[in-house]
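> File follows, entry-v9.cif with mmCIF, C-alpha atoms:
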data_my_file
loop_
_atom_site.label_atom_id
_atom_site.label_comp_id
_atom_site.auth_asym_id
_atom_site.auth_seq_id
_atom_site.Cartn_x
_atom_site.Cartn_y
_atom_site.Cartn_z
CA MET A 1 0.00 0.00 0.00
CA ALA A 2 1.24 3.46 -0.80
CA ASP A 3 1.51 5.65 2.26
CA LYS A 4 3.97 8.26 1.07
CA LYS A 5 3.89 11.96 1.84
CA GLN A 6 4.50 13.88 -1.35
CA THR A 7 2.18 16.80 -0.76
CA GLN A 8 4.73 19.31 -2.00
CA ASP A 9 4.49 18.05 -5.56
CA PRO A 10 1.67 18.39 -8.12
CA LEU A 11 1.97 14.66 -8.73
CA ASP A 12 1.09 14.42 -5.05
CA LEU A 13 -0.82 11.14 -5.43
CA GLU A 14 -3.45 12.81 -3.29
CA VAL A 15 -5.81 9.94 -3.84
CA ALA A 16 -3.00 7.39 -4.19
CA MET A 17 -4.44 6.76 -7.67
CA SER A 18 -6.32 3.58 -6.88
CA SER A 19 -6.29 2.46 -10.51
CA SER A 20 -3.92 2.87 -13.42
CA GLU A 21 -6.83 4.13 -15.53
CA ALA A 22 -7.46 6.98 -13.09
CA PHE A 23 -3.77 7.82 -13.07
CA ILE A 24 -3.53 8.01 -16.86
CA ILE A 25 -6.69 10.12 -17.08
CA LYS A 26 -5.36 12.51 -14.43
CA TYR A 27 -2.06 13.03 -16.27
CA LYS A 28 -3.40 12.66 -19.80
CA ASN A 29 -2.27 16.13 -20.90
CA LYS A 30 1.29 15.52 -19.81
CA PHE A 31 1.22 12.01 -21.20
CA LEU A 32 -0.10 12.87 -24.66
CA ALA A 33 0.98 16.49 -25.17
CA GLY A 34 3.86 17.46 -27.38
CA ILE A 35 3.90 15.24 -30.44
CA ALA A 36 2.05 17.72 -32.64
CA ALA A 37 4.43 20.44 -31.54
CA ILE A 38 7.41 18.22 -32.29
CA VAL A 39 6.16 17.39 -35.75
CA ILE A 40 5.27 20.95 -36.69
CA VAL A 41 8.54 22.41 -35.38
CA VAL A 42 10.86 19.65 -36.50
CA GLY A 43 8.93 18.89 -39.66
CA GLY A 44 8.63 22.54 -40.54
CA VAL A 45 12.30 23.30 -40.02
CA LEU A 46 13.54 20.23 -41.83
CA GLY A 47 10.81 20.56 -44.41
CA TYR A 48 11.74 24.05 -45.50
CA GLN A 49 15.48 23.85 -44.96
CA HIS A 50 16.10 20.37 -46.29
CA PHE A 51 13.13 18.82 -48.05
CA ILE A 52 11.30 21.66 -49.73
CA ALA A 53 14.26 23.87 -50.55
CA GLU A 54 14.87 21.87 -53.70
CA PRO A 55 13.57 23.60 -56.84
CA ASN A 56 11.43 20.66 -57.90
CA GLU A 57 9.63 20.83 -54.55
CA LYS A 58 8.58 24.46 -54.92
CA LYS A 59 5.04 23.77 -56.10
CA ALA A 60 4.45 21.21 -53.36
CA SER A 61 5.92 23.63 -50.83
CA GLU A 62 3.38 26.25 -51.84
CA ALA A 63 0.59 23.69 -51.64
CA LEU A 64 1.58 22.86 -48.05
CA PHE A 65 1.75 26.43 -46.83
CA LYS A 66 -1.95 27.08 -46.28
CA GLY A 67 -2.38 23.67 -44.70
CA GLU A 68 0.29 24.48 -42.17
CA GLN A 69 -1.60 27.64 -41.24
CA TYR A 70 -4.76 25.63 -40.65
CA PHE A 71 -2.73 23.06 -38.73
CA MET A 72 -1.28 25.70 -36.43
CA ALA A 73 -4.79 27.04 -35.83
CA ASP A 74 -5.98 23.52 -34.86
CA ASN A 75 -8.34 23.49 -37.85
CA TYR A 76 -7.52 19.91 -38.74
CA GLU A 77 -10.50 19.29 -41.01
CA PHE A 78 -9.55 22.14 -43.34
CA ALA A 79 -5.87 21.21 -43.09
CA LEU A 80 -6.72 17.69 -44.22
CA ASN A 81 -9.42 18.25 -46.78
CA GLY A 82 -8.93 21.78 -48.05
CA ASP A 83 -11.17 24.81 -48.23
CA SER A 84 -13.29 26.63 -50.79
CA LEU A 85 -10.53 29.16 -51.50
CA GLY A 86 -8.22 26.98 -53.53
CA TYR A 87 -6.31 25.06 -50.86
CA GLU A 88 -6.71 21.36 -51.62
CA GLY A 89 -5.66 19.78 -48.30
CA PHE A 90 -2.84 17.60 -47.02
CA LEU A 91 -4.53 14.47 -48.35
CA LYS A 92 -4.55 15.85 -51.89
CA VAL A 93 -0.97 17.12 -51.59
CA ALA A 94 0.21 13.75 -50.31
CA ASP A 95 -1.46 12.01 -53.25
CA GLU A 96 -0.56 14.51 -55.97
CA PHE A 97 3.06 14.82 -54.89
CA SER A 98 3.64 11.25 -53.77
CA GLY A 99 7.27 10.33 -54.14
CA THR A 100 8.46 13.83 -53.34
CA GLU A 101 9.84 15.01 -50.02
CA ALA A 102 6.98 17.47 -49.68
CA GLY A 103 4.51 14.65 -50.27
CA GLN A 104 6.19 12.77 -47.45
CA LEU A 105 5.76 15.77 -45.18
CA ALA A 106 2.09 16.01 -46.18
CA ASN A 107 1.65 12.39 -45.06
CA ALA A 108 3.11 13.29 -41.67
CA TYR A 109 0.84 16.31 -41.30
CA ALA A 110 -2.19 14.28 -42.40
CA GLY A 111 -1.40 11.59 -39.88
CA ILE A 112 -1.11 14.07 -37.01
CA CYS A 113 -4.34 15.77 -38.11
CA TYR A 114 -6.17 12.46 -38.01
CA LYS A 115 -4.62 11.68 -34.62
CA ASN A 116 -5.84 14.97 -33.21
CA LEU A 117 -9.29 14.24 -34.61
CA GLY A 118 -9.31 10.94 -32.74
CA LYS A 119 -9.17 8.86 -35.93
CA ASN A 120 -6.29 6.60 -34.98
CA ASP A 121 -6.63 4.04 -37.78
CA GLU A 122 -6.39 6.74 -40.44
CA ALA A 123 -3.60 8.43 -38.51
CA ILE A 124 -1.54 5.25 -38.46
CA LYS A 125 -2.12 4.72 -42.18
CA TYR A 126 -0.70 8.11 -43.12
CA LEU A 127 2.04 8.24 -40.50
CA LYS A 128 3.35 4.91 -41.79
CA LYS A 129 3.57 6.39 -45.28
CA PHE A 130 6.11 8.92 -44.02
CA SER A 131 9.71 7.95 -44.58
CA ALA A 132 12.86 10.00 -44.11
CA ASP A 133 16.47 9.20 -43.37
CA ASP A 134 16.97 11.38 -40.32
CA ASN A 135 17.26 11.04 -36.56
CA LEU A 136 14.66 13.58 -35.52
CA VAL A 137 11.47 13.58 -37.55
CA SER A 138 11.37 9.82 -38.12
CA PRO A 139 11.61 8.98 -34.40
CA ALA A 140 8.89 11.53 -33.67
CA ILE A 141 6.67 9.81 -36.22
CA TYR A 142 7.40 6.41 -34.67
CA GLY A 143 6.34 7.85 -31.34
CA ALA A 144 3.15 9.30 -32.81
CA ILE A 145 2.27 5.90 -34.26
CA GLY A 146 2.91 4.40 -30.84
CA ASP A 147 0.55 6.95 -29.30
CA CYS A 148 -2.18 6.00 -31.77
CA TYR A 149 -1.77 2.31 -31.00
CA PHE A 150 -1.79 2.99 -27.27
CA GLU A 151 -4.95 5.07 -27.51
CA SER A 152 -6.48 2.19 -29.48
CA ASN A 153 -5.38 -0.26 -26.77
CA SER A 154 -3.04 -2.10 -29.15
CA ILE A 155 -0.41 -2.46 -26.45
CA LYS A 156 2.14 -4.64 -28.24
CA ASP A 157 2.16 -2.41 -31.30
CA ALA A 158 2.43 0.69 -29.13
CA GLU A 159 5.37 -0.85 -27.26
CA SER A 160 7.11 -1.69 -30.54
CA TYR A 161 6.86 1.82 -31.95
CA TYR A 162 7.79 3.50 -28.67
CA LYS A 163 10.93 1.36 -28.63
CA LYS A 164 11.76 2.49 -32.17
CA ALA A 165 11.50 6.10 -31.05
CA ILE A 166 13.66 5.39 -28.00
CA ASP A 167 16.28 3.58 -30.08
CA SER A 168 16.97 6.82 -31.93
CA LYS A 169 18.77 8.04 -28.79
CA ASN A 170 17.77 11.52 -29.87
CA ASN A 171 17.97 13.80 -26.84
CA MET A 172 14.54 15.34 -27.49
CA ILE A 173 12.59 12.31 -28.70
CA ALA A 174 14.05 9.39 -26.75
CA PRO A 175 13.33 10.72 -23.24
CA LEU A 176 9.76 11.61 -24.19
CA TYR A 177 9.05 8.07 -25.36
CA THR A 178 10.99 6.43 -22.57
CA TYR A 179 8.55 8.24 -20.29
CA ARG A 180 5.55 7.18 -22.36
CA LEU A 181 6.67 3.57 -22.56
CA ALA A 182 7.02 3.56 -18.77
CA MET A 183 3.44 4.82 -18.55
CA LEU A 184 2.31 2.18 -21.01
CA TYR A 185 3.81 -0.54 -18.79
CA PHE A 186 2.19 1.04 -15.75
CA ASN A 187 -1.17 1.27 -17.48
CA ASN A 188 -0.81 -2.41 -18.37
CA GLY A 189 -0.09 -3.39 -14.76
CA ASP A 190 3.65 -3.96 -15.06
CA ASN A 191 4.88 -1.64 -12.32
CA ALA A 192 8.35 -3.20 -12.20
CA LYS A 193 8.99 -2.43 -15.87
CA ALA A 194 7.57 1.06 -15.44
CA ALA A 195 9.99 1.75 -12.58
CA GLU A 196 12.86 0.29 -14.61
CA LEU A 197 12.11 2.62 -17.53
CA MET A 198 12.02 5.61 -15.20
CA GLU A 199 15.42 4.58 -13.85
CA LYS A 200 16.69 4.41 -17.42
CA LEU A 201 15.24 7.85 -18.08
CA LYS A 202 17.13 9.25 -15.08
CA ASP A 203 20.38 7.57 -16.09
CA ASP A 204 20.33 8.26 -19.83
CA TYR A 205 18.64 11.68 -19.97
CA PRO A 206 19.04 13.31 -16.55
CA GLN A 207 18.68 16.83 -17.97
CA SER A 208 15.43 16.14 -19.80
CA ASN A 209 12.10 17.56 -18.66
CA GLU A 210 10.70 14.04 -18.50
CA ALA A 211 13.33 13.02 -15.94
CA SER A 212 12.45 15.83 -13.52
CA ASP A 213 9.76 13.81 -11.72
CA ALA A 214 11.30 10.39 -12.31
CA ASP A 215 12.10 9.75 -8.64
CA LYS A 216 8.50 10.40 -7.63
CA TYR A 217 7.18 8.05 -10.29
CA ILE A 218 9.72 5.38 -9.34
CA GLU A 219 8.70 5.56 -5.69
CA TYR A 220 5.04 5.41 -6.62
CA PHE A 221 5.48 2.45 -8.95
CA GLN A 222 7.58 0.59 -6.40
CA ASN A 223 4.98 1.18 -3.70
CA LEU A 224 2.42 -0.53 -5.90
CA LYS A 225 4.40 -3.72 -6.13
CA LYS A 226 2.88 -6.61 -4.25
#
What is this file in structure tokens?

Amino acid sequence: MADKKQTQDPLDLEVAMSSSEAFIIKYKNKFLAGIAAIVIVVGGVLGYQHFIAEPNEKKASEALFKGEQYFMADNYEFALNGDSLGYEGFLKVADEFSGTEAGQLANAYAGICYKNLGKNDEAIKYLKKFSADDNLVSPAIYGAIGDCYFESNSIKDAESYYKKAIDSKNNMIAPLYTYRLAMLYFNNGDNAKAAELMEKLKDDYPQSNEASDADKYIEYFQNLKK
């Protein structure tokens, strides 16, 4: 039984979180936040500086621009499907410019739009179409796919994709998904693995935001062990 005094911290465990479901619901924002920001920042920077800078990508770049504005405004339906003012939507861009780097980026945007609309099957479909040889955007996409599987309760698939994101060893992506994989294990009742992942987070990425509360999570998970 957990009988720890952690009242100074927001985690606090003020109700000792009698079920893993309650715990995940309570910290859902922290657990799920960030991937859209990662994709738009990382994807945007790499997209314009690396992918779309090529002359043969110019038209596709222009086609993406309005969609990115809708994306940033959280208007995911317009971002996906277009508007009545001439913007055709990420889905159309991904199809029309398939095989180009900009088309790849449109797939990523489309996948994140679907994810934010709660349409995880469609999100996975488009996120899996994205492919790039880099150590930043690709791991973020793996993590987003993992999130979709986790939200759909496909635990093994979520675990697999979280591990792919972690294996990147990218200092921004890997700690985020080490944290989320720990929460996946906790949500699935494996408190020992959850604590082990939090220890790994502390050891491998001690300066990361995700590691800041690792000791509190570790203590909580260990207290739940029978």
> Can you find the residues with an atom no farther than 7 Å from (-4.9, 21.8, -44.9), counting all atoms listed in the file, and report them as a list in words?
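Residues found, by chain and rising number: Lys66, Gly67, Glu68, Tyr70, Phe71, Tyr76, Phe78, Ala79, Leu80, Asn81, Gly82, Tyr87, Glu88, Gly89 and Phe90 of chain A.
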> Can you tell me which residues surround range 146-153 of chain A at a distance of at most 12 Å, considering all atoms listed in the file, apart from same-chain residues fewer than 5 positions away, and format the answer as number ranges by chain?
A: 24-25, 28, 31-36, 111-128, 139-141, 158-166, 176-178, 180-181, 183-185, 187-188
> How many Å lie between CA of Ala108 in chain A and CA of Phe130 in chain A, rounded to one decimal?
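Separating CA of Ala108 in chain A from CA of Phe130 in chain A is a distance of 5.8 Å.
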> What is the CA of Gly189 in chain A to CA of Asp157 in chain A distance in Å?
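Going from CA of Gly189 in chain A over to CA of Asp157 in chain A, I get 16.7 Å.
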> Compile the contact shell of range 194-200 of chain A as a VMD selection string: residues with an atom at most 7 Å away, counting only C-alpha atoms, same-chain residues fewer than 4 positions apart removed.
chain A and resid 178 to 179 182 to 183 185 to 186 190 204 214 218 221 to 222
> How would you write as a PyMOL selection string the residues that get within 9 Å of (17.5, 11.5, -47.5) in the file's frame, counting only C-alpha atoms?
chain A and resi 51+101+132-134
> As an exercise, work out the distance from CA of Met72 in chain A to CA of Ser168 in chain A in Å and give it to one decimal place.
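Between CA of Met72 in chain A and CA of Ser168 in chain A the gap is 26.6 Å.
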> Quick one: residues within 9 Å of range 205-208 of chain A, all atoms listed in the file, excluding same-chain residues fewer than 2 positions away - as a VMD selection string?
chain A and resid 171 to 172 174 to 176 200 to 203 210 to 212
> Using the chain letters and numbers from the file, which residues does the PyMOL selection byres ((chain A and resi 105) around 8) grab, as a list in words?
Gly43, Gly47, Ala94, Glu101, Ala102, Gly103, Gln104, Ala106, Asn107, Ala108, Tyr109 and Phe130 of chain A
